[in-house]
Structures are given as structure tokens and as C-alpha cells.
>>> print(open('target_6.txt').read())   # compact mmCIF, C-alpha atoms
# COMPACT_ATOMS: atom_id res chain seq x y z
CA MET A 1 20.10 -32.31 -47.40
CA VAL A 2 17.91 -29.25 -47.85
CA GLU A 3 18.94 -26.28 -45.74
CA VAL A 4 16.00 -24.47 -44.12
CA ASN A 5 16.34 -20.78 -43.51
CA PRO A 6 14.00 -18.90 -41.18
CA THR A 7 12.75 -16.00 -43.25
CA GLU A 8 9.47 -14.91 -41.69
CA VAL A 9 9.18 -13.10 -38.36
CA VAL A 10 5.98 -13.48 -36.33
CA MET A 11 5.57 -11.72 -32.97
CA GLY A 12 9.33 -11.09 -32.85
CA GLN A 13 10.36 -14.71 -33.48
CA ALA A 14 11.56 -16.37 -36.67
CA VAL A 15 9.54 -19.28 -38.05
CA PRO A 16 11.80 -22.02 -39.52
CA GLY A 17 10.97 -22.93 -43.09
CA ALA A 18 8.63 -20.03 -43.76
CA VAL A 19 9.08 -17.80 -46.78
CA GLU A 20 8.35 -14.12 -47.21
CA ALA A 21 7.47 -14.34 -50.89
CA GLY A 22 7.13 -17.11 -53.42
CA PRO A 23 7.51 -17.00 -57.18
CA ALA A 24 5.85 -14.20 -59.10
CA SER A 25 4.27 -16.76 -61.40
CA ILE A 26 3.33 -20.42 -61.30
CA GLY A 27 1.98 -22.58 -64.10
CA GLY A 28 1.67 -19.60 -66.41
CA MET A 29 -0.38 -17.68 -63.85
CA SER A 30 0.58 -14.50 -61.99
CA VAL A 31 0.62 -14.72 -58.18
CA ILE A 32 -0.72 -11.85 -56.11
CA SER A 33 0.96 -12.41 -52.75
CA ARG A 34 0.40 -8.92 -51.38
CA THR A 35 -2.05 -6.17 -52.16
CA GLU A 36 -0.52 -3.40 -54.27
CA LEU A 37 -2.55 -0.19 -54.22
CA PRO A 38 -2.08 3.42 -55.41
CA GLY A 39 -0.40 6.08 -53.31
CA GLU A 40 -3.57 7.24 -51.54
CA PHE A 41 -3.66 3.88 -49.72
CA ASN A 42 -1.49 2.39 -46.99
CA VAL A 43 -1.57 -1.39 -46.44
CA ALA A 44 -0.56 -3.18 -43.22
CA GLY A 45 -0.28 -6.97 -43.17
CA SER A 46 0.00 -9.49 -46.01
CA ARG A 47 -3.03 -11.41 -44.66
CA TYR A 48 -5.93 -10.03 -42.63
CA SER A 49 -4.80 -6.69 -44.01
CA VAL A 50 -5.79 -3.22 -42.90
CA LEU A 51 -6.24 -0.83 -45.80
CA GLN A 52 -6.02 2.85 -44.90
CA LYS A 53 -7.56 5.22 -47.44
CA ASN A 54 -6.35 8.80 -47.26
CA LEU A 55 -9.23 11.22 -47.79
CA GLN A 56 -8.65 14.79 -48.88
CA PRO A 57 -11.06 17.50 -47.63
CA GLY A 58 -14.44 16.86 -49.24
CA GLU A 59 -13.40 13.50 -50.72
CA GLU A 60 -15.79 10.53 -50.55
CA PHE A 61 -15.26 6.77 -50.57
CA GLN A 62 -17.78 3.90 -50.40
CA GLY A 63 -17.70 0.51 -48.73
CA GLU A 64 -19.88 -2.38 -47.67
CA SER A 65 -21.34 -2.43 -44.17
CA GLY A 66 -18.93 -3.77 -41.55
CA VAL A 67 -15.63 -3.01 -43.34
CA MET A 68 -14.77 0.14 -41.33
CA MET A 69 -12.12 -0.38 -38.62
CA TYR A 70 -11.29 3.23 -37.75
CA MET A 71 -11.54 6.74 -39.18
CA SER A 72 -10.50 10.31 -38.44
CA ASP A 73 -12.74 12.55 -36.36
CA ASP A 74 -13.73 14.71 -39.33
CA VAL A 75 -14.64 11.68 -41.48
CA LYS A 76 -18.34 10.90 -41.27
CA MET A 77 -19.99 7.68 -42.36
CA GLU A 78 -23.52 7.53 -43.72
CA ALA A 79 -25.50 4.43 -44.68
CA ARG A 80 -27.39 4.74 -47.94
CA PHE A 81 -29.79 2.43 -49.75
CA GLY A 82 -27.74 0.16 -51.98
CA GLY A 83 -30.36 -0.28 -54.70
CA TRP A 84 -30.13 -3.28 -57.01
CA ARG A 85 -26.76 -4.32 -55.58
CA MET A 86 -28.59 -6.19 -52.80
CA PHE A 87 -29.50 -8.86 -55.38
CA SER A 88 -25.80 -9.43 -56.15
CA GLY A 89 -24.92 -10.69 -52.67
CA GLU A 90 -24.25 -7.33 -51.02
CA GLY A 91 -26.11 -5.81 -48.07
CA LEU A 92 -29.27 -3.73 -48.26
CA ALA A 93 -27.22 -0.57 -47.63
CA LYS A 94 -23.82 0.75 -48.64
CA VAL A 95 -21.74 3.04 -46.43
CA ASN A 96 -20.39 6.36 -47.65
CA PHE A 97 -17.32 7.93 -46.00
CA LYS A 98 -16.74 11.66 -46.48
CA ASN A 99 -14.07 13.96 -45.05
CA HIS A 100 -15.92 17.05 -43.78
CA GLY A 101 -12.77 18.63 -42.33
CA SER A 102 -10.30 21.14 -43.77
CA THR A 103 -7.29 18.81 -43.44
CA PRO A 104 -6.61 15.31 -44.84
CA GLY A 105 -8.24 12.42 -42.99
CA VAL A 106 -8.17 8.63 -43.11
CA VAL A 107 -10.49 5.64 -42.96
CA GLY A 108 -9.22 2.14 -42.13
CA LEU A 109 -10.93 -0.78 -43.85
CA THR A 110 -10.77 -4.55 -43.32
CA PRO A 111 -12.35 -7.33 -45.43
CA ASN A 112 -15.50 -9.00 -44.11
CA LEU A 113 -14.26 -12.45 -45.15
CA PRO A 114 -11.70 -14.49 -43.15
CA MET A 115 -8.23 -15.14 -44.59
CA SER A 116 -8.83 -12.46 -47.19
CA VAL A 117 -6.61 -10.88 -49.78
CA VAL A 118 -7.83 -7.69 -51.45
CA ILE A 119 -7.97 -7.39 -55.24
CA PRO A 120 -7.67 -3.86 -56.69
CA TYR A 121 -9.43 -3.46 -60.03
CA GLU A 122 -9.51 -0.37 -62.24
CA THR A 123 -12.86 -0.18 -64.03
CA SER A 124 -11.16 1.61 -66.92
CA GLN A 125 -10.28 -1.95 -68.03
CA GLY A 126 -13.99 -2.65 -68.52
CA PRO A 127 -16.75 -4.31 -66.46
CA LEU A 128 -15.79 -7.26 -64.25
CA ASN A 129 -17.92 -10.34 -63.52
CA CYS A 130 -17.54 -11.41 -59.86
CA LYS A 131 -18.78 -13.89 -57.31
CA ARG A 132 -21.70 -12.71 -55.25
CA GLY A 133 -20.56 -10.50 -52.37
CA ALA A 134 -17.04 -9.98 -53.76
CA PHE A 135 -17.19 -6.17 -53.66
CA MET A 136 -15.60 -4.62 -50.56
CA ALA A 137 -15.10 -0.91 -51.21
CA GLY A 138 -14.33 1.58 -53.97
CA ASP A 139 -14.46 5.09 -55.31
CA LYS A 140 -17.83 6.81 -55.13
CA ASN A 141 -18.48 6.40 -58.87
CA ILE A 142 -18.10 2.59 -58.84
CA ARG A 143 -21.35 0.80 -59.63
CA VAL A 144 -22.29 -2.70 -58.41
CA HIS A 145 -25.14 -4.50 -60.16
CA PRO A 146 -26.65 -7.99 -60.27
CA LYS A 147 -26.10 -9.80 -63.56
CA ILE A 148 -27.18 -13.05 -65.20
CA LEU A 149 -24.21 -15.43 -65.25
CA PRO A 150 -22.84 -15.40 -68.83
CA ALA A 151 -22.67 -19.20 -68.97
CA SER A 152 -22.27 -21.09 -72.23
CA SER A 153 -25.03 -23.57 -71.35
CA ALA A 154 -27.81 -24.27 -68.85
CA LEU A 155 -25.63 -27.01 -67.34
CA ALA A 156 -22.83 -24.49 -66.72
CA CYS A 157 -25.32 -22.13 -65.10
CA CYS A 158 -26.43 -24.83 -62.66
CA CYS A 159 -23.18 -26.75 -62.04
CA GLY A 160 -20.34 -24.28 -62.65
CA GLY A 161 -19.91 -23.16 -59.04
CA MET A 162 -21.44 -19.70 -59.48
CA PRO A 163 -25.18 -19.07 -59.01
CA PRO A 164 -27.35 -17.85 -61.92
CA ILE A 165 -27.19 -14.28 -60.55
CA ILE A 166 -23.67 -12.91 -60.04
CA GLN A 167 -22.15 -9.47 -59.49
CA GLU A 168 -20.93 -6.96 -62.06
CA ILE A 169 -18.60 -4.11 -61.14
CA LYS A 170 -18.20 -1.25 -63.58
CA SER A 171 -17.71 2.51 -63.96
CA GLY A 172 -20.50 4.92 -63.14
CA PRO A 173 -21.71 7.94 -65.12
CA GLU A 174 -19.05 10.11 -63.43
CA GLY A 175 -16.20 8.06 -64.92
CA HIS A 176 -13.81 5.25 -64.01
CA GLY A 177 -12.55 4.33 -60.56
CA LEU A 178 -10.84 1.80 -58.32
CA ALA A 179 -12.80 -1.11 -56.85
CA LEU A 180 -11.54 -3.35 -54.01
CA LEU A 181 -12.68 -6.99 -53.99
CA ASN A 182 -12.52 -9.79 -51.39
CA ALA A 183 -10.87 -13.13 -52.11
CA GLY A 184 -9.63 -15.92 -49.85
CA GLY A 185 -6.10 -17.16 -49.30
CA THR A 186 -3.68 -16.54 -52.17
CA LEU A 187 -4.86 -15.07 -55.46
CA VAL A 188 -3.59 -16.03 -58.91
CA THR A 189 -4.57 -14.52 -62.25
CA LYS A 190 -4.46 -16.01 -65.72
CA ASN A 191 -4.54 -14.00 -68.95
CA LEU A 192 -6.19 -16.23 -71.54
CA GLU A 193 -5.47 -15.80 -75.23
CA PRO A 194 -8.34 -16.17 -77.74
CA GLY A 195 -9.39 -19.82 -77.76
CA GLU A 196 -7.15 -20.73 -74.80
CA SER A 197 -8.87 -22.65 -71.99
CA ILE A 198 -8.15 -23.49 -68.36
CA ILE A 199 -9.94 -26.05 -66.15
CA VAL A 200 -10.46 -24.96 -62.53
CA ASP A 201 -12.27 -26.07 -59.40
CA THR A 202 -15.86 -24.82 -59.28
CA ASN A 203 -15.23 -22.82 -56.07
CA ALA A 204 -11.93 -21.27 -57.17
CA VAL A 205 -13.28 -18.59 -59.54
CA VAL A 206 -13.46 -15.11 -57.98
CA ALA A 207 -13.89 -12.95 -61.08
CA PHE A 208 -13.37 -12.81 -64.83
CA THR A 209 -13.41 -10.07 -67.42
CA GLN A 210 -15.87 -9.60 -70.26
CA GLY A 211 -15.28 -11.98 -73.15
CA VAL A 212 -14.23 -14.98 -71.06
CA GLY A 213 -16.37 -18.02 -71.81
CA TYR A 214 -17.83 -19.88 -68.80
CA ASP A 215 -18.67 -23.56 -69.17
CA VAL A 216 -18.35 -26.91 -67.34
CA ARG A 217 -16.64 -30.20 -68.11
CA THR A 218 -17.25 -33.59 -66.52
CA VAL A 219 -14.42 -34.77 -64.28
CA GLY A 220 -14.27 -38.24 -65.83
CA ASN A 221 -15.73 -41.66 -65.09
CA PHE A 222 -18.06 -42.75 -62.29
CA MET A 223 -15.17 -43.54 -59.91
CA THR A 224 -13.62 -40.08 -60.37
CA CYS A 225 -16.98 -38.39 -59.96
CA CYS A 226 -17.72 -40.15 -56.66
CA PHE A 227 -14.25 -40.29 -55.10
CA GLY A 228 -12.15 -37.65 -56.86
CA GLY A 229 -13.08 -34.90 -54.42
CA GLU A 230 -14.18 -32.46 -57.15
CA GLY A 231 -17.79 -33.52 -57.65
CA CYS A 232 -19.08 -34.33 -61.12
CA PHE A 233 -17.98 -31.14 -62.90
CA ASN A 234 -15.07 -28.74 -63.18
CA THR A 235 -15.35 -25.22 -64.54
CA GLU A 236 -13.89 -24.39 -67.94
CA MET A 237 -12.82 -20.80 -68.63
CA LYS A 238 -12.07 -19.87 -72.25
CA GLY A 239 -10.33 -16.73 -73.51
CA PRO A 240 -9.86 -14.03 -74.42
CA GLY A 241 -9.71 -12.29 -71.05
CA THR A 242 -8.43 -12.49 -67.48
CA VAL A 243 -9.50 -14.94 -64.77
CA TYR A 244 -8.96 -14.40 -61.01
CA LEU A 245 -8.67 -17.56 -58.88
CA GLN A 246 -8.52 -18.00 -55.08
CA THR A 247 -7.06 -20.79 -52.96
CA VAL A 248 -9.64 -20.57 -50.16
CA SER A 249 -13.32 -20.11 -50.94
CA TYR A 250 -15.87 -19.12 -48.33
CA GLU A 251 -17.93 -22.20 -49.21
CA GLY A 252 -14.95 -24.52 -48.79
CA LEU A 253 -14.01 -22.89 -45.49
CA MET A 254 -17.51 -23.41 -44.10
CA LYS A 255 -17.45 -27.08 -45.12
CA SER A 256 -14.08 -27.55 -43.40
CA LEU A 257 -15.38 -25.95 -40.19
CA VAL A 258 -18.45 -28.18 -40.20
CA LYS A 259 -16.25 -31.27 -40.62
CA THR A 260 -13.91 -30.11 -37.85
CA THR A 261 -16.69 -29.43 -35.36
CA GLY A 262 -18.67 -32.49 -36.37
CA GLY A 263 -21.75 -30.45 -37.22
CA GLY A 264 -22.93 -30.42 -33.61
CA GLY A 265 -23.44 -34.18 -33.39
CA GLY A 266 -21.52 -37.39 -32.76
CA GLU A 267 -19.04 -36.80 -29.98
CA GLY A 268 -20.87 -33.88 -28.42
CA GLY A 269 -22.88 -35.98 -25.99
CA GLY A 270 -25.79 -37.32 -27.97
CA GLY A 271 -29.16 -36.00 -26.89
CA GLY A 272 -29.51 -32.61 -28.60
CA GLY A 273 -25.86 -31.68 -28.14
CA ALA A 274 -26.16 -31.10 -24.38
CA PRO A 275 -23.14 -31.81 -22.15
CA PRO A 276 -23.16 -35.26 -20.53
CA GLU A 277 -23.64 -33.71 -17.07
CA ALA A 278 -26.77 -31.90 -18.22
CA GLU A 279 -28.16 -35.10 -19.73
CA GLU A 280 -27.62 -37.00 -16.46
CA ILE A 281 -29.47 -34.27 -14.56
CA GLU A 282 -32.40 -34.46 -16.98
CA ARG A 283 -32.52 -38.25 -16.65
CA GLY A 284 -32.49 -37.93 -12.87
CA LYS A 285 -35.39 -35.51 -12.94
CA GLY A 286 -37.29 -37.88 -15.19
CA SER A 287 -36.70 -40.77 -12.76
CA ASP A 288 -37.99 -38.73 -9.82
CA ARG A 289 -41.18 -37.85 -11.69
CA THR A 290 -41.93 -41.51 -12.37
CA ARG A 291 -41.79 -42.51 -8.73
>>> encode(input="target_6.txt", output="C-alpha cells")
Amino acid sequence: MVEVNPTEVVMGQAVPGAVEAGPASIGGMSVISRTELPGEFNVAGSRYSVLQKNLQPGEEFQGESGVMMYMSDDVKMEARFGGWRMFSGEGLAKVNFKNHGSTPGVVGLTPNLPMSVVIPYETSQGPLNCKRGAFMAGDKNIRVHPKILPASSALACCCGGMPPIIQEIKSGPEGHGLALLNAGGTLVTKNLEPGESIIVDTNAVVAFTQGVGYDVRTVGNFMTCCFGGEGCFNTEMKGPGTVYLQTVSYEGLMKSLVKTTGGGGGEGGGGGGAPPEAEEIERGKGSDRTR
């Protein structure tokens, strides 16, 4: 008999069977169970995290619109035109935070996506190819640009899970910096050796470094394609380089919500989604007009 130990505390009560942390690796991939950031950050919460960035006098930090949760009185936010980044899935404007005071200040940031984990990425490692809208915040010298998906074939460009235009995050003219990215659920990373490949779900890819090959592979026969739950193609990533994978994609979450709610039809009362009482009233009015 397996003994279950309560190890996680939620709202002051232990949850039987829960675990605080799983293995550091699984299937040859590294697991990122909690955001680890440099000393100028404070992180609260392993999911739905709040990231507090400490700003020294005169220091600036950038983020996407809607990520600010709180900030010190001397920290001012200013929306600026985002330029070409709008074609990579980001908003028309970016938000700049600057500490105008003479003492250290803070700005609290939260991801725009539900069930998010935050990926820190140092651009000194080189440019990073990302899903559209993955960028959350970063140092002022981080640059976000649209980029043609570096797919190995036209089929991969159309059926690999990422659109033809993706997002590239890299250093600016001022030098390297730290970028913060959004991902859903739990994040795992895989360092691929030259020639090494991994097959993944088309919605699982969050980002991959330069040099990683991006292609697709058919899932199998007609039966697997129709009833295997993965569509007709899986994505093939080939080294050398690093791949970042997520357990919950925004697209998959939206599909689950639509299935759960029934898409506004079926059991909602038929005629246009109105409550049954409202439909009876409308029918009654129609009967009176025909008399």
C-alpha cells in the first residue's frame, strides 16, 4: 500500500497527496517548476506568480501592456509605440517603467496568460525564436521583432503549430539583457545535441534557440490521424540547440473552455441561447399578436 503524505499547504490546510516539487528532470528534459530570477527580482507564488522588480533611482524596465500589478509612488509608467513588435503578436504599445525618485522603488508584474510560468532568458546566449505574444517584460535594451518561421519545409510552416510569422527576442544596440517570457502550466527544456531529434505536440513549443531545425512528421496511418487526438502532424525539433516546451497552451485552453461551456449551444435553451423563461415570454407575445 502506498503511503500518501500531505506536503502542500493551501490556505492554511494540507492537501493530501500533493507534492511541493517533482523531479528536476524527466525523460532527459529539465523541469522548470518555479521561476528562478536574479537578485533584483522577488517572486511570490509558484503559479500565477507575482514578479517584483527592484528599480534603482533612474533605472528603467519595459513590459507589455496589462502586466503591471503595482508600483512605488516614484515609479512612473509611460506607454510608447512598440514598432515592428506588433506584428509578432504583441500590442501596439509597450510600457516603460522608470524610477524617478532618489531611493529604490519596485514594480510588480503578473503574466497576461492564465496558468502561467515565467521563463527568464539571457540574450547573451543569442537570439531566441518564440511563439507569438510570448514576451512579457525585460530590460530596456531587449528587442522584440517579428520573424519568418525558420521551418525546414512549406509543410512545416503551415502544419507545425506555429504561424509563418513568429517572435524573435534578442539584445539591442546597448548590449545584452534579461527577457521574461510567458508559458502555460509546467515548463520543460531539452538540450539537443547535433543531429538529435525530439517529436512534440504542435502546441507544446514555446521557444527554441538558433540552430534548432523545425519540421513536421505525420502521426501515422489514417486511423491515428483521425482518432489519435494529435491531428495529422507532430512537430519535429532537431539539434543543436535548446527547446522550451509547455504543458498548457493558450490554444488548447481555449478549446477546453469551449468544450466545457458547449460553445453557447445545446443545453443552453435553444433559441439563440436565451434562458427558457425568456423564450416562453417571447412565444407568449407572439401568440398575443396573432389574435
>>> atom_distance(input="target_6.txt", atom1="atom CA of A:Ile169", atom2="atom CA of A:Ser72")
28.1 Å
>>> residues_around(input="target_6.txt", residues="A:Val188", least_positions_apart="3", cutoff="8 Å", atoms="all atoms listed in the file", output="PDB file with C-alpha atoms, in the frame of the given file")
ATOM      1  CA  MET A  29      -0.380 -17.680 -63.850  1.00  0.00           C
ATOM      2  CA  SER A  30       0.580 -14.500 -61.990  1.00  0.00           C
ATOM      3  CA  VAL A  31       0.620 -14.720 -58.180  1.00  0.00           C
ATOM      4  CA  ILE A  32      -0.720 -11.850 -56.110  1.00  0.00           C
ATOM      5  CA  TYR A 244      -8.960 -14.400 -61.010  1.00  0.00           C
ATOM      6  CA  LEU A 245      -8.670 -17.560 -58.880  1.00  0.00           C
ATOM      7  CA  GLN A 246      -8.520 -18.000 -55.080  1.00  0.00           C
TER       8      GLN A 246
END
>>> atom_distance(input="target_6.txt", atom1="atom CA of A:Gly27", atom2="atom CA of A:Val243")
13.8 Å
>>> closest_residue(input="target_6.txt", among="A:Met86, A:Ile119, A:Met68, A:Val106", to="A:Leu180", atoms="all atoms listed in the file")
A:Ile119
>>> residues_around(input="target_6.txt", residues="A:Val118", least_positions_apart="5", cutoff="12 Å", atoms="only C-alpha atoms", output="PyMOL selection string")
chain A and resi 32-37+43-51+109-113+134-138+179-188+206+244+246
>>> atom_distance(input="target_6.txt", atom1="atom CA of A:Asn99", atom2="atom CA of A:Pro127")
28.3 Å
>>> residues_around(input="target_6.txt", residues="A:Cys157", least_positions_apart="5", cutoff="10 Å", atoms="all atoms listed in the file", output="PDB file with C-alpha atoms, keeping the file's coordinate frame")
ATOM      1  CA  ILE A 148     -27.180 -13.050 -65.200  1.00  0.00           C
ATOM      2  CA  LEU A 149     -24.210 -15.430 -65.250  1.00  0.00           C
ATOM      3  CA  PRO A 150     -22.840 -15.400 -68.830  1.00  0.00           C
ATOM      4  CA  ALA A 151     -22.670 -19.200 -68.970  1.00  0.00           C
ATOM      5  CA  SER A 152     -22.270 -21.090 -72.230  1.00  0.00           C
ATOM      6  CA  MET A 162     -21.440 -19.700 -59.480  1.00  0.00           C
ATOM      7  CA  PRO A 163     -25.180 -19.070 -59.010  1.00  0.00           C
ATOM      8  CA  PRO A 164     -27.350 -17.850 -61.920  1.00  0.00           C
ATOM      9  CA  ILE A 165     -27.190 -14.280 -60.550  1.00  0.00           C
ATOM     10  CA  TYR A 214     -17.830 -19.880 -68.800  1.00  0.00           C
ATOM     11  CA  ASP A 215     -18.670 -23.560 -69.170  1.00  0.00           C
ATOM     12  CA  VAL A 216     -18.350 -26.910 -67.340  1.00  0.00           C
TER      13      VAL A 216
END
>>> residues_around(input="target_6.txt", residues="A:Asp139", least_positions_apart="5", cutoff="10 Å", atoms="all atoms listed in the file", output="list in words")
Glu59, Glu60, Phe61, Gln62, Gly63, Asn96, Ser171, Gly172, His176, Gly177, Leu178, Ala179 and Leu180 of chain A
>>> closest_residue(input="target_6.txt", among="A:Lys238, A:Arg132, A:Arg143, A:Lys53", to="A:Phe87", atoms="all atoms listed in the file")
A:Arg132
